[in-house]
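S.K.: The structure is given below, and queries will be raised subsequently.
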Amino acid sequence: MAGKHLSRWTLVWFGSAMAMLLAGCALGLLGAADPQGWSQGSNLAVVHLFVLGWLCQVMLGALIQFVPVLAARPLAFPGLALPALVATSTGTLALALGFLALDGHQALQPLFLLAPVLIGLGFALVAVMVTATLWHRDSLHLAEVRMVLLALAALVGLWLSGGRMVLALAGLGPAPDLSAMLPLHLLLGIAGWLGLAACGVTYKLFAMFLLAPEQGGRLRGAIFWTAAGLVALLLAALLWLLAGGSAGRATALALALLPLLALLALLYLTEIAQLWKARRRPALEPNMLWSRAALAFLALAAALAIPGWLWGGTWAETAVFVALVGWLSTLTLAQLLKIVGFLTWIQVFAPRIGHQPVPMVQKLGSTRAASACLALWCAGTLAGALSLLGASPAGYRLAMALLSLGALGVGRELIAVRQLAHLPPAERPGQLPHLMLPLLHPRPRAETRS
Ligand code: HEM
């Protein structure tokens, strides 16, 4: 089961990611991310606080916790988790500050150049842990394991494209055509790395939370091979561009892959629908109820990718927004609430089983609070998508406000879960777990046990 073996730093990864999400939302609300000028340094800074600080960090932390479940063996090199966390979080902050050099703050240029080194180090350390855990003949035949390894291959391409664009923007080395590099960067980051890792993890998580029989079979095989073809073509186009190949051909290939991507999303959604039908758990908890909203956003992003492919512009921007904010973030926020509750239960109550009564895992969270903040988040996504399509600055500000409220609500609920605040006092232990350092020293609880 997920979390039976607690990884020591998982909650610190999640805490760091939540802090970056809140920072990104606050900056968006204060107007630092202006949809009328995406290529400004301040916009790029907010975008990367969100994609790298929030989505990538939460995904890397989740993989460190979750790959032992996928491979049914302990995590390899667990001591690398903390250095990887330090490298990715400092690298993300350096990149966000470094982007401001593009707005004329030249003193920040060294941070811009340092950022890809730190981010690459963090990515590499996690890749070593994950690959060494999954690379085993007993697990390599599993489609979900191969999907995560494929996501790591895309992560290499994402880093190469991002690092190369940093060098070009800093005026170092021959400048590749950024307008050709950017679509590859986006496809490798969103569909390749984050998307495929999310698919691999949800295969297992959804089956677990829905009590559904493990799928597999032809459809999953078809999804894997379509995804493998997509990543191989993206990497080939990137290497071609890096080697000085024609920018026009690389862009044409990236655009030609968009319908394939929409097909991949459709196949994945079909498989998840089958899993849903086969479930044995009749009443669903908020994490699964709101995952349905995330999957609906995936369908919407795939649908928007077609006009984005034909006409580009705001259609493409909206597709990217719906994929990052609607699909990947709603899914992550919903599952985070469940996983943090579960890890807290394992940490606090699992050792007491057989010695004293223990509460059910569900009692650690509040269904109403979780649903309220996820509803705000989804409303913010819809408002954001509509405001991008309608070029409405007022609508965009409203969206940022709703997203910020939703993210704050999730943060508050996660703290309540960690402090066991939803449990009646009689069921709480005398000591609370530490907010984020789960396996070090439990913090004494302020109130006494009644
Ligand atoms: C999953 C991870 C990532 C995603 C989803 C992502 C997404 C994006 C997006 C959406 C843009 C365009 C933003 C805009 O036009 O405002 C962009 C641009 C950029 N990204 Fe990333 N990014 C990721 C990781 C990285 C990394 C790791 C680096 C550096 C090591 C990087 C460096 C850059 C640079 C330099 C640009 C500017 C390109 C230009 O001005 O044309 N990105 N990225």
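We name chains A, B, ... following the order of the structure tokens; residues begin at 1 in each chain, and ligands are numbered from 1 as shown.
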Please provide as a ChimeraX atom specification all residues within 9 Å of range 189-205 of chain A, with the sequence filter that same-chain residues fewer than 5 positions apart are discarded (counting only C-alpha atoms).
M.R.: /A:2,51,55-56,59,62-63,66-67,69-70,143-159,184,210,214-215,227,230-231,234,261,268,272,275,320,323-324,328,331-332,335
S.K.: Sorted by chain and rising residue number, which residues of chain A lie within 8 Å of ligand 1, and what are their closest atom pairs and distances in Å to one decimal, counting only C-alpha atoms and all ligand atoms, as CSV?
M.R.:
```
residue,atom,partner,partner_atom_place_in_ligand_line,distance
A:Gly37,CA,ligand 1,16 (O),7.4
A:Trp38,CA,ligand 1,16 (O),3.7
A:Ser39,CA,ligand 1,16 (O),4.7
A:Gln40,CA,ligand 1,16 (O),7.0
A:Asn43,CA,ligand 1,16 (O),5.5
A:Leu44,CA,ligand 1,16 (O),4.7
A:Val47,CA,ligand 1,13 (C),6.2
A:His48,CA,ligand 1,22 (N),6.0
A:Val51,CA,ligand 1,5 (C),5.0
A:Leu52,CA,ligand 1,2 (C),5.3
A:Leu55,CA,ligand 1,1 (C),7.2
A:Cys56,CA,ligand 1,1 (C),5.9
A:Leu95,CA,ligand 1,29 (C),7.1
A:Phe99,CA,ligand 1,35 (C),7.7
A:Ala115,CA,ligand 1,30 (C),6.6
A:Pro116,CA,ligand 1,30 (C),4.1
A:Val117,CA,ligand 1,30 (C),7.7
A:Ile119,CA,ligand 1,27 (C),6.4
A:Gly120,CA,ligand 1,30 (C),7.1
A:Leu155,CA,ligand 1,1 (C),7.7
A:Leu158,CA,ligand 1,27 (C),6.2
A:Trp159,CA,ligand 1,27 (C),4.7
A:Leu160,CA,ligand 1,30 (C),7.2
A:Ser161,CA,ligand 1,28 (C),7.2
A:Gly162,CA,ligand 1,28 (C),3.6
A:Gly163,CA,ligand 1,30 (C),4.1
A:Arg164,CA,ligand 1,35 (C),7.4
A:Met165,CA,ligand 1,35 (C),4.4
A:Val166,CA,ligand 1,35 (C),4.1
A:Leu167,CA,ligand 1,35 (C),7.7
A:Ala168,CA,ligand 1,35 (C),8.0
A:Leu169,CA,ligand 1,35 (C),6.7
A:Leu178,CA,ligand 1,41 (O),5.2
A:Ser179,CA,ligand 1,41 (O),6.3
A:Met181,CA,ligand 1,41 (O),7.7
A:Leu182,CA,ligand 1,41 (O),5.9
A:His185,CA,ligand 1,43 (N),6.5
A:Leu186,CA,ligand 1,7 (C),5.3
A:Leu188,CA,ligand 1,1 (C),7.7
A:Gly189,CA,ligand 1,1 (C),3.9
A:Ile190,CA,ligand 1,5 (C),5.0
A:Trp193,CA,ligand 1,1 (C),6.6
A:Leu194,CA,ligand 1,1 (C),6.2
A:Val320,CA,ligand 1,10 (C),7.2
A:Leu324,CA,ligand 1,5 (C),7.6
```
S.K.: Can you work out which one of A:Leu27, A:Thr270, A:Thr226, A:Glu285 has the shortest atom-to-atom distance to Leu257 in chain A, counting only C-alpha atoms?
M.R.: A:Thr226
S.K.: So which residues touch Cys373 in chain A within 8 Å, counting only C-alpha atoms, skipping near sequence neighbours fewer than 5 positions away, as a list in words?
M.R.: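 The neighbour list is Leu405, Gly406, Ala407, Gly409 and Val410 of chain A.
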S.K.: Restricting it to N, CA and C atoms, dump the selection as a PDB file, in the first residue's frame.
M.R.:
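Printed below is selection-v9.pdb as written:
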```pdb
ATOM      1  N   LEU A 405      -7.536  31.474  -3.418  1.00  0.00           N
ATOM      2  CA  LEU A 405      -8.374  31.035  -2.291  1.00  0.00           C
ATOM      3  C   LEU A 405      -8.388  29.502  -2.193  1.00  0.00           C
ATOM      4  N   GLY A 406      -8.512  28.865  -3.354  1.00  0.00           N
ATOM      5  CA  GLY A 406      -8.525  27.397  -3.371  1.00  0.00           C
ATOM      6  C   GLY A 406      -7.220  26.831  -2.829  1.00  0.00           C
ATOM      7  N   ALA A 407      -6.079  27.399  -3.281  1.00  0.00           N
ATOM      8  CA  ALA A 407      -4.769  26.885  -2.835  1.00  0.00           C
ATOM      9  C   ALA A 407      -4.574  27.142  -1.341  1.00  0.00           C
ATOM     10  N   GLY A 409      -6.926  27.350   0.855  1.00  0.00           N
ATOM     11  CA  GLY A 409      -7.814  26.405   1.552  1.00  0.00           C
ATOM     12  C   GLY A 409      -7.169  25.028   1.647  1.00  0.00           C
ATOM     13  N   VAL A 410      -6.558  24.578   0.550  1.00  0.00           N
ATOM     14  CA  VAL A 410      -5.919  23.244   0.586  1.00  0.00           C
ATOM     15  C   VAL A 410      -4.758  23.270   1.590  1.00  0.00           C
TER      16      VAL A 410
END
```
S.K.: Taking into account only C-alpha atoms, which residue in the set A:Ala303, A:Lys363, A:Thr90, A:Arg397 is nearest to Phe112 in chain A?
M.R.: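 Smallest separation from Phe112 in chain A among the options: A:Thr90.
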S.K.: So which residues touch Glu427 in chain A within 9 Å, counting only C-alpha atoms, skipping near sequence neighbours fewer than 4 positions away, as a PyMOL selection string?
M.R.: chain A and resi 357-359+423+449
S.K.: Step one, run DSSP on the backbone; step two, keep only residues of range 27-232 of chain A assigned to helix (DSSP H, G or I); then write them as a VMD selection string.
M.R.: chain A and resid 27 to 29 41 to 71 78 to 103 106 to 134 143 to 169 178 to 210 217 to 232
S.K.: When you draw a straight line from CA of Pro425 in chain A to CA of Lys338 in chain A, how long is it in Å?
M.R.: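 Straight-line distance from CA of Pro425 in chain A to CA of Lys338 in chain A works out to 21.3 Å.
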S.K.: With only C-alpha atoms as the counted atoms, please give the residues lying no more than 12 Å from Ala416 in chain A, apart from itself and same-chain residues fewer than 3 positions off, as an MDAnalysis selection string.
M.R.: chainID A and resid 337 340:341 344 363:366 369:370 409:413 419:423 432:433 435
S.K.: CA of Arg220 in chain A and CA of Leu269 in chain A are how many Å apart?
M.R.: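 Computed distance, CA of Arg220 in chain A to CA of Leu269 in chain A, equals 11.0 Å.
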S.K.: Show which residues sit within 10 Å of Gly79 in chain A, as a JSON list (two decimals) with N, CA, C and O atoms, in the first residue's frame. Count only C-alpha atoms, and ignore same-chain residues fewer than 3 positions away.
M.R.:
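around_26.json, freshly written:
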```json
[["chain", "number", "residue", "atom", "x", "y", "z"],
["A", 7, "SER", "N", 8.89, 7.55, 3.19],
["A", 7, "SER", "CA", 10.15, 8.17, 2.83],
["A", 7, "SER", "C", 10.31, 9.39, 3.72],
["A", 7, "SER", "O", 9.37, 10.17, 3.89],
["A", 8, "ARG", "N", 11.51, 9.55, 4.25],
["A", 8, "ARG", "CA", 11.72, 10.53, 5.31],
["A", 8, "ARG", "C", 11.39, 11.97, 4.92],
["A", 8, "ARG", "O", 10.88, 12.73, 5.73],
["A", 9, "TRP", "N", 11.62, 12.32, 3.67],
["A", 9, "TRP", "CA", 11.50, 13.73, 3.29],
["A", 9, "TRP", "C", 10.27, 14.04, 2.46],
["A", 9, "TRP", "O", 10.12, 15.14, 1.96],
["A", 75, "LEU", "N", 13.09, 1.87, -1.66],
["A", 75, "LEU", "CA", 13.69, 2.92, -2.47],
["A", 75, "LEU", "C", 15.22, 2.78, -2.47],
["A", 75, "LEU", "O", 15.84, 2.59, -1.43],
["A", 76, "ALA", "N", 15.81, 2.92, -3.68],
["A", 76, "ALA", "CA", 17.28, 2.88, -3.77],
["A", 76, "ALA", "C", 17.85, 4.26, -3.42],
["A", 76, "ALA", "O", 17.22, 5.27, -3.71],
["A", 82, "LEU", "N", 17.14, 14.33, 0.20],
["A", 82, "LEU", "CA", 17.28, 15.70, 0.74],
["A", 82, "LEU", "C", 18.15, 16.58, -0.17],
["A", 82, "LEU", "O", 17.73, 17.70, -0.51],
["A", 83, "PRO", "N", 19.35, 16.11, -0.59],
["A", 83, "PRO", "CA", 20.11, 16.96, -1.53],
["A", 83, "PRO", "C", 19.33, 17.29, -2.80],
["A", 83, "PRO", "O", 19.41, 18.42, -3.31],
["A", 84, "ALA", "N", 18.53, 16.34, -3.27],
["A", 84, "ALA", "CA", 17.73, 16.60, -4.49],
["A", 84, "ALA", "C", 16.71, 17.70, -4.22],
["A", 84, "ALA", "O", 16.50, 18.59, -5.05],
["A", 125, "LEU", "N", 19.52, 13.51, -9.41],
["A", 125, "LEU", "CA", 19.53, 12.71, -8.17],
["A", 125, "LEU", "C", 18.24, 11.91, -8.04],
["A", 125, "LEU", "O", 18.26, 10.72, -7.68],
["A", 129, "MET", "N", 17.56, 7.70, -8.08],
["A", 129, "MET", "CA", 16.79, 6.93, -7.08],
["A", 129, "MET", "C", 15.66, 6.13, -7.74],
["A", 129, "MET", "O", 15.45, 4.95, -7.47]]
```
S.K.: What is the CA of Gln109 in chain A to CA of Ala170 in chain A distance in Å?
M.R.: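 So the two atoms, CA of Gln109 in chain A and CA of Ala170 in chain A, lie 7.3 Å apart.
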S.K.: Hey, which of A:Ala45, A:Ala305, A:Ala294, A:Leu100 ends up closest to Ser329 in chain A? Count only C-alpha atoms.
M.R.: A:Ala294
S.K.: So, with only C-alpha atoms as the atoms that count, which of A:Arg352, A:Arg218, A:His105, A:Arg368 lies closest to Leu267 in chain A?
M.R.: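 The answer is A:Arg218, which sits nearest to Leu267 in chain A.
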S.K.: Can you tell me which residues surround Thr88 in chain A at a distance of at most 8 Å, considering only C-alpha atoms, apart from same-chain residues fewer than 2 positions away, and format the answer as JSON, numbers by chain?
M.R.: {"A": [53, 57, 84, 85, 86, 90, 91, 92, 118, 119, 120, 121, 122, 123]}
